Amino acid sequence: MNDRKGNGADGMMAEENEAGLKEMRNCRLCPRNCGIDRNQRSGSCRVGAKPRVARAALHMWEEPCISGEEGSGAVFFTGCNLGCVYCQNREIADGTVGKEVSVERLAEIYLELQEQKANNINLVTAGHWLSDVIASVKLARRRGLRIPVVYNSSGYEKVQAIRQLKDVVDIFLPDLKYLSRDLAKRYSHAADYPDVAAAALEAMVSLAGEPQFDGREMMTRGVIVRHLILPGHLEESKAVIRYLYETYGDRIYISIMNQYTPMPGIEARFPELGRTLTEQEYDEVVDYAIDLGVENGFIQEGETAKESFIPAFDITGV
């Protein structure tokens, strides 16, 4: 791919790269506030200063208005600041896989996915490299990126970090995992998750505005909040859905997920999580959402709780 940067662009890139380096020297990007120099060692997110990507490819398993028929251009970043005990992407969350990439290479990846007819660029767990990610999107847009950018997140984000994504991200795709501080502490080691995620979501809705779609019913702007139902925790799921609907109504979409997959060995430490969700449990939560009045929503059908839905993190496309 030809480098079309002029002197002005070179200077802009140098400033953006320097901002990224400063950000890493005493890293407080996320609510963990670990303060670690990630140029020297891994932070709470389990990764260092330079972006690592485990996979960049068309992804068919997102919500219909994100994947469509062509697929979402999913870029799976390595590392995670949350570390949920039931994580289905543990291979990348623990920071052990992936390939280091530059801002320039990230921009190229986005453009390559656009050439493959991706409906959007889907940045999966990218917040621990905020400056580099922002710089890469801006560079790609200068070079011809036209499709929407999706920010796919656990929801455990600082408001000030989300605000930096103004004019960079078009669609926010966060989780809202819990409202219970006890569950957040038990399963994600983050008792503050409910408060942090709620504040981050408010900032996302403020930036994205009302949902917008193109003529093919693909989302071009807006917020979709995902909630994964955990087995045995139906009341928590109902509380999350009630909070979302009463707070935002039709300003957001709610994606109610039944794809919880027990990872090997989890039953030894968390017996309650050692099974998949039953069809009856899922139907109960969905019926509750319908009774509340939720119309802007997505549900999952069929046997989604299978490891085959987890992609291979083999640096495809990187």
# chains A, B, ... in the order shown; residues from 1 in each chain; ligands from 1
$ select_by_dssp --residues "segment 34-204 of chain A" --states "alpha helix (DSSP H)" --output "PyMOL selection string"
chain A and resi 64-67+90-93+103-115+130-142+159-163+181-188+193-204
$ residues_around --residues "segment 229-246 of chain A" --least-positions-apart "2" --cutoff "6 Å" --atoms "only C-alpha atoms" --output "PDB file with N, CA and C atoms, in the first residue's frame"
ATOM      1  N   TYR A 248     -32.809   4.753  29.018  1.00  0.00           N
ATOM      2  CA  TYR A 248     -32.566   5.197  27.641  1.00  0.00           C
ATOM      3  C   TYR A 248     -33.712   4.927  26.670  1.00  0.00           C
ATOM      4  N   GLY A 249     -34.650   4.092  27.029  1.00  0.00           N
ATOM      5  CA  GLY A 249     -35.762   3.823  26.131  1.00  0.00           C
ATOM      6  C   GLY A 249     -35.302   3.377  24.761  1.00  0.00           C
ATOM      7  N   ASN A 258     -27.516 -15.240  24.899  1.00  0.00           N
ATOM      8  CA  ASN A 258     -27.618 -16.534  25.582  1.00  0.00           C
ATOM      9  C   ASN A 258     -26.395 -17.411  25.351  1.00  0.00           C
ATOM     10  N   LEU A 277     -26.754 -21.840  29.750  1.00  0.00           N
ATOM     11  CA  LEU A 277     -28.074 -21.307  30.062  1.00  0.00           C
ATOM     12  C   LEU A 277     -29.134 -22.242  29.479  1.00  0.00           C
TER      13      LEU A 277
END
$ closest_residue --among "A:Glu202, A:Glu108, A:Glu23, A:Glu157" --to "Leu82 of chain A" --atoms "only C-alpha atoms"
A:Glu157
$ closest_residue --among "A:Arg221, A:His128, A:Lys50, A:Arg32" --to "Ile252 of chain A" --atoms "only C-alpha atoms"
A:Arg221
$ residues_around --residues "Gly35 of chain A" --least-positions-apart "2" --cutoff "12 Å" --atoms "only C-alpha atoms" --output "ChimeraX atom specification"
/A:22-33,37-45
$ write_last_selection --atoms "N, CA and C atoms" --output "mmCIF file, in the first residue's frame"
data_model
loop_
_atom_site.group_PDB
_atom_site.id
_atom_site.type_symbol
_atom_site.label_atom_id
_atom_site.label_comp_id
_atom_site.auth_asym_id
_atom_site.auth_seq_id
_atom_site.Cartn_x
_atom_site.Cartn_y
_atom_site.Cartn_z
ATOM 1 N N LYS A 22 3.536 9.062 25.901
ATOM 2 C CA LYS A 22 3.307 9.716 27.189
ATOM 3 C C LYS A 22 2.216 9.009 27.981
ATOM 4 N N GLU A 23 1.193 8.603 27.264
ATOM 5 C CA GLU A 23 0.054 7.940 27.892
ATOM 6 C C GLU A 23 0.482 6.666 28.614
ATOM 7 N N MET A 24 1.507 6.009 28.077
ATOM 8 C CA MET A 24 1.941 4.714 28.606
ATOM 9 C C MET A 24 2.911 4.830 29.777
ATOM 10 N N ARG A 25 3.524 5.977 29.987
ATOM 11 C CA ARG A 25 4.580 6.091 30.994
ATOM 12 C C ARG A 25 4.064 5.991 32.419
ATOM 13 N N ASN A 26 2.837 6.395 32.630
ATOM 14 C CA ASN A 26 2.209 6.297 33.949
ATOM 15 C C ASN A 26 0.736 6.016 33.683
ATOM 16 N N CYS A 27 0.473 4.802 33.210
ATOM 17 C CA CYS A 27 -0.803 4.520 32.560
ATOM 18 C C CYS A 27 -1.977 4.571 33.537
ATOM 19 N N ARG A 28 -2.890 5.471 33.232
ATOM 20 C CA ARG A 28 -4.145 5.568 33.970
ATOM 21 C C ARG A 28 -5.313 5.672 32.989
ATOM 22 N N LEU A 29 -5.159 4.956 31.878
ATOM 23 C CA LEU A 29 -6.167 4.993 30.830
ATOM 24 C C LEU A 29 -7.503 4.430 31.284
ATOM 25 N N CYS A 30 -7.452 3.390 32.103
ATOM 26 C CA CYS A 30 -8.677 2.679 32.453
ATOM 27 C C CYS A 30 -8.979 2.843 33.947
ATOM 28 N N PRO A 31 -10.127 2.391 34.403
ATOM 29 C CA PRO A 31 -10.498 2.563 35.816
ATOM 30 C C PRO A 31 -9.601 1.833 36.808
ATOM 31 N N ARG A 32 -8.747 0.944 36.349
ATOM 32 C CA ARG A 32 -7.807 0.278 37.267
ATOM 33 C C ARG A 32 -6.763 1.255 37.803
ATOM 34 N N ASN A 33 -6.431 2.286 37.004
ATOM 35 C CA ASN A 33 -5.462 3.311 37.437
ATOM 36 C C ASN A 33 -4.174 2.687 37.958
ATOM 37 N N ASP A 37 4.382 1.956 34.085
ATOM 38 C CA ASP A 37 5.038 2.359 32.844
ATOM 39 C C ASP A 37 4.960 1.185 31.887
ATOM 40 N N ARG A 38 4.028 1.242 30.974
ATOM 41 C CA ARG A 38 3.818 0.115 30.075
ATOM 42 C C ARG A 38 4.873 0.025 28.980
ATOM 43 N N ASN A 39 5.772 0.990 28.923
ATOM 44 C CA ASN A 39 6.940 0.842 28.053
ATOM 45 C C ASN A 39 7.911 -0.182 28.635
ATOM 46 N N GLN A 40 7.789 -0.442 29.949
ATOM 47 C CA GLN A 40 8.703 -1.342 30.636
ATOM 48 C C GLN A 40 8.071 -2.698 30.962
ATOM 49 N N ARG A 41 6.793 -2.706 31.306
ATOM 50 C CA ARG A 41 6.139 -3.975 31.642
ATOM 51 C C ARG A 41 4.632 -3.848 31.453
ATOM 52 N N SER A 42 3.949 -4.971 31.544
ATOM 53 C CA SER A 42 2.506 -4.993 31.305
ATOM 54 C C SER A 42 1.749 -4.308 32.431
ATOM 55 N N GLY A 43 0.651 -3.665 32.056
ATOM 56 C CA GLY A 43 -0.216 -3.044 33.044
ATOM 57 C C GLY A 43 -1.315 -3.989 33.487
ATOM 58 N N SER A 44 -2.343 -3.442 34.129
ATOM 59 C CA SER A 44 -3.476 -4.259 34.551
ATOM 60 C C SER A 44 -4.187 -4.902 33.372
ATOM 61 N N CYS A 45 -4.014 -4.322 32.196
ATOM 62 C CA CYS A 45 -4.615 -4.859 30.972
ATOM 63 C C CYS A 45 -3.830 -6.039 30.415
#
$ closest_residue --among "A:Arg163, A:Arg46, A:Arg105, A:Arg143" --to "Leu130 of chain A" --atoms "only C-alpha atoms"
A:Arg163
$ residues_around --residues "Arg226 of chain A" --least-positions-apart "5" --cutoff "12 Å" --atoms "only C-alpha atoms" --output "ChimeraX atom specification"
/A:62-63,152-155,172-178,197,201,237,240-241,244,252-259,297-300
$ atom_distance --atom1 "atom CA of Gly79 of chain A" --atom2 "atom CA of Thr96 of chain A"
8.1 Å
$ select_by_dssp --residues "segment 144-231 of chain A" --states "strand (DSSP E)" --output "PDB file with C-alpha atoms, in the first residue's frame"
ATOM      1  CA  VAL A 149     -16.126   2.588  13.106  1.00  0.00           C
ATOM      2  CA  VAL A 150     -17.480   0.432  15.943  1.00  0.00           C
ATOM      3  CA  TYR A 151     -16.045   0.554  19.470  1.00  0.00           C
ATOM      4  CA  ASN A 152     -16.622  -2.903  20.974  1.00  0.00           C
ATOM      5  CA  SER A 153     -15.998  -2.754  24.707  1.00  0.00           C
ATOM      6  CA  ILE A 171     -21.149   3.095  16.862  1.00  0.00           C
ATOM      7  CA  PHE A 172     -20.587   2.009  20.452  1.00  0.00           C
ATOM      8  CA  LEU A 173     -21.045  -1.670  21.278  1.00  0.00           C
ATOM      9  CA  PRO A 174     -20.449  -1.968  25.048  1.00  0.00           C
ATOM     10  CA  GLN A 212     -29.223   5.708  12.472  1.00  0.00           C
ATOM     11  CA  PHE A 213     -29.296   3.141   9.663  1.00  0.00           C
ATOM     12  CA  MET A 219     -26.330   0.783  11.634  1.00  0.00           C
ATOM     13  CA  THR A 220     -24.306   3.869  10.822  1.00  0.00           C
ATOM     14  CA  ARG A 221     -24.527   5.591  14.225  1.00  0.00           C
ATOM     15  CA  GLY A 222     -25.812   4.635  17.632  1.00  0.00           C
ATOM     16  CA  VAL A 223     -25.352   2.428  20.677  1.00  0.00           C
ATOM     17  CA  ILE A 224     -26.059  -1.273  21.138  1.00  0.00           C
ATOM     18  CA  VAL A 225     -25.655  -2.511  24.711  1.00  0.00           C
ATOM     19  CA  ARG A 226     -24.937  -6.199  25.143  1.00  0.00           C
ATOM     20  CA  HIS A 227     -25.915  -8.198  28.178  1.00  0.00           C
ATOM     21  CA  LEU A 228     -24.766 -11.788  28.592  1.00  0.00           C
TER      22      LEU A 228
END
$ residues_around --residues "Leu207 of chain A" --least-positions-apart "2" --cutoff "8 Å" --atoms "only C-alpha atoms" --output "PyMOL selection string"
chain A and resi 163+166+203-205+209
$ decode --residues "segment 9-93 of chain A" --atoms "C-alpha atoms" --output "PDB file, in the first residue's frame"
ATOM      1  CA  ALA A   9       0.673  14.338   7.856  1.00  0.00           C
ATOM      2  CA  ASP A  10       4.158  13.276   8.984  1.00  0.00           C
ATOM      3  CA  GLY A  11       4.116  15.959  11.651  1.00  0.00           C
ATOM      4  CA  MET A  12       0.640  14.985  12.741  1.00  0.00           C
ATOM      5  CA  MET A  13       1.665  11.334  13.055  1.00  0.00           C
ATOM      6  CA  ALA A  14       4.738  12.253  15.089  1.00  0.00           C
ATOM      7  CA  GLU A  15       2.590  14.232  17.535  1.00  0.00           C
ATOM      8  CA  GLU A  16       0.084  11.387  17.815  1.00  0.00           C
ATOM      9  CA  ASN A  17       2.823   8.825  18.415  1.00  0.00           C
ATOM     10  CA  GLU A  18       4.354  10.993  21.125  1.00  0.00           C
ATOM     11  CA  ALA A  19       0.950  11.312  22.796  1.00  0.00           C
ATOM     12  CA  GLY A  20       0.712   7.533  22.867  1.00  0.00           C
ATOM     13  CA  LEU A  21       4.143   7.191  24.459  1.00  0.00           C
ATOM     14  CA  LYS A  22       3.307   9.716  27.189  1.00  0.00           C
ATOM     15  CA  GLU A  23       0.054   7.940  27.892  1.00  0.00           C
ATOM     16  CA  MET A  24       1.941   4.714  28.606  1.00  0.00           C
ATOM     17  CA  ARG A  25       4.580   6.091  30.994  1.00  0.00           C
ATOM     18  CA  ASN A  26       2.209   6.297  33.949  1.00  0.00           C
ATOM     19  CA  CYS A  27      -0.803   4.520  32.560  1.00  0.00           C
ATOM     20  CA  ARG A  28      -4.145   5.568  33.970  1.00  0.00           C
ATOM     21  CA  LEU A  29      -6.167   4.993  30.830  1.00  0.00           C
ATOM     22  CA  CYS A  30      -8.677   2.679  32.453  1.00  0.00           C
ATOM     23  CA  PRO A  31     -10.498   2.563  35.816  1.00  0.00           C
ATOM     24  CA  ARG A  32      -7.807   0.278  37.267  1.00  0.00           C
ATOM     25  CA  ASN A  33      -5.462   3.311  37.437  1.00  0.00           C
ATOM     26  CA  CYS A  34      -2.463   0.988  37.728  1.00  0.00           C
ATOM     27  CA  GLY A  35       0.060   3.786  37.035  1.00  0.00           C
ATOM     28  CA  ILE A  36       2.490   1.307  35.470  1.00  0.00           C
ATOM     29  CA  ASP A  37       5.038   2.359  32.844  1.00  0.00           C
ATOM     30  CA  ARG A  38       3.818   0.115  30.075  1.00  0.00           C
ATOM     31  CA  ASN A  39       6.940   0.842  28.053  1.00  0.00           C
ATOM     32  CA  GLN A  40       8.703  -1.342  30.636  1.00  0.00           C
ATOM     33  CA  ARG A  41       6.139  -3.975  31.642  1.00  0.00           C
ATOM     34  CA  SER A  42       2.506  -4.993  31.305  1.00  0.00           C
ATOM     35  CA  GLY A  43      -0.216  -3.044  33.044  1.00  0.00           C
ATOM     36  CA  SER A  44      -3.476  -4.259  34.551  1.00  0.00           C
ATOM     37  CA  CYS A  45      -4.615  -4.859  30.972  1.00  0.00           C
ATOM     38  CA  ARG A  46      -1.872  -7.534  30.697  1.00  0.00           C
ATOM     39  CA  VAL A  47      -0.112  -5.852  27.776  1.00  0.00           C
ATOM     40  CA  GLY A  48       2.608  -3.319  27.164  1.00  0.00           C
ATOM     41  CA  ALA A  49       2.831  -0.085  25.206  1.00  0.00           C
ATOM     42  CA  LYS A  50       2.608  -1.189  21.577  1.00  0.00           C
ATOM     43  CA  PRO A  51      -0.701  -2.403  20.123  1.00  0.00           C
ATOM     44  CA  ARG A  52      -1.040  -6.146  19.630  1.00  0.00           C
ATOM     45  CA  VAL A  53      -3.664  -7.646  17.347  1.00  0.00           C
ATOM     46  CA  ALA A  54      -4.694 -11.310  17.400  1.00  0.00           C
ATOM     47  CA  ARG A  55      -7.005 -11.341  14.389  1.00  0.00           C
ATOM     48  CA  ALA A  56      -8.358  -8.973  11.721  1.00  0.00           C
ATOM     49  CA  ALA A  57     -11.030 -10.509   9.514  1.00  0.00           C
ATOM     50  CA  LEU A  58     -14.647 -10.421   8.442  1.00  0.00           C
ATOM     51  CA  HIS A  59     -16.783 -11.490  11.399  1.00  0.00           C
ATOM     52  CA  MET A  60     -20.291 -12.841  10.887  1.00  0.00           C
ATOM     53  CA  TRP A  61     -21.429 -13.289  14.488  1.00  0.00           C
ATOM     54  CA  GLU A  62     -22.272  -9.768  15.595  1.00  0.00           C
ATOM     55  CA  GLU A  63     -25.772  -8.278  15.679  1.00  0.00           C
ATOM     56  CA  PRO A  64     -27.483  -8.267  12.235  1.00  0.00           C
ATOM     57  CA  CYS A  65     -27.131  -4.512  11.777  1.00  0.00           C
ATOM     58  CA  ILE A  66     -23.385  -4.800  12.470  1.00  0.00           C
ATOM     59  CA  SER A  67     -22.368  -7.947  10.568  1.00  0.00           C
ATOM     60  CA  GLY A  68     -24.962  -7.959   7.795  1.00  0.00           C
ATOM     61  CA  GLU A  69     -24.342 -10.430   4.996  1.00  0.00           C
ATOM     62  CA  GLU A  70     -20.811  -9.262   4.234  1.00  0.00           C
ATOM     63  CA  GLY A  71     -19.466  -9.284   7.785  1.00  0.00           C
ATOM     64  CA  SER A  72     -18.036  -6.809  10.264  1.00  0.00           C
ATOM     65  CA  GLY A  73     -14.359  -5.920   9.909  1.00  0.00           C
ATOM     66  CA  ALA A  74     -13.370  -7.145  13.351  1.00  0.00           C
ATOM     67  CA  VAL A  75      -9.935  -6.234  14.704  1.00  0.00           C
ATOM     68  CA  PHE A  76      -9.335  -8.236  17.892  1.00  0.00           C
ATOM     69  CA  PHE A  77      -6.840  -6.472  20.150  1.00  0.00           C
ATOM     70  CA  THR A  78      -4.903  -8.449  22.746  1.00  0.00           C
ATOM     71  CA  GLY A  79      -5.343  -7.765  26.450  1.00  0.00           C
ATOM     72  CA  CYS A  80      -8.206  -6.738  28.724  1.00  0.00           C
ATOM     73  CA  ASN A  81      -8.457  -4.671  31.887  1.00  0.00           C
ATOM     74  CA  LEU A  82     -11.353  -6.663  33.335  1.00  0.00           C
ATOM     75  CA  GLY A  83     -10.402 -10.344  33.454  1.00  0.00           C
ATOM     76  CA  CYS A  84     -13.806 -11.973  33.919  1.00  0.00           C
ATOM     77  CA  VAL A  85     -13.553 -15.457  35.389  1.00  0.00           C
ATOM     78  CA  TYR A  86     -15.806 -16.829  32.638  1.00  0.00           C
ATOM     79  CA  CYS A  87     -14.082 -15.053  29.726  1.00  0.00           C
ATOM     80  CA  GLN A  88     -14.648 -16.828  26.414  1.00  0.00           C
ATOM     81  CA  ASN A  89     -11.745 -14.996  24.764  1.00  0.00           C
ATOM     82  CA  ARG A  90      -9.202 -15.780  27.468  1.00  0.00           C
ATOM     83  CA  GLU A  91      -6.575 -16.572  24.847  1.00  0.00           C
ATOM     84  CA  ILE A  92      -6.409 -12.914  23.863  1.00  0.00           C
ATOM     85  CA  ALA A  93      -7.554 -11.371  27.143  1.00  0.00           C
TER      86      ALA A  93
END
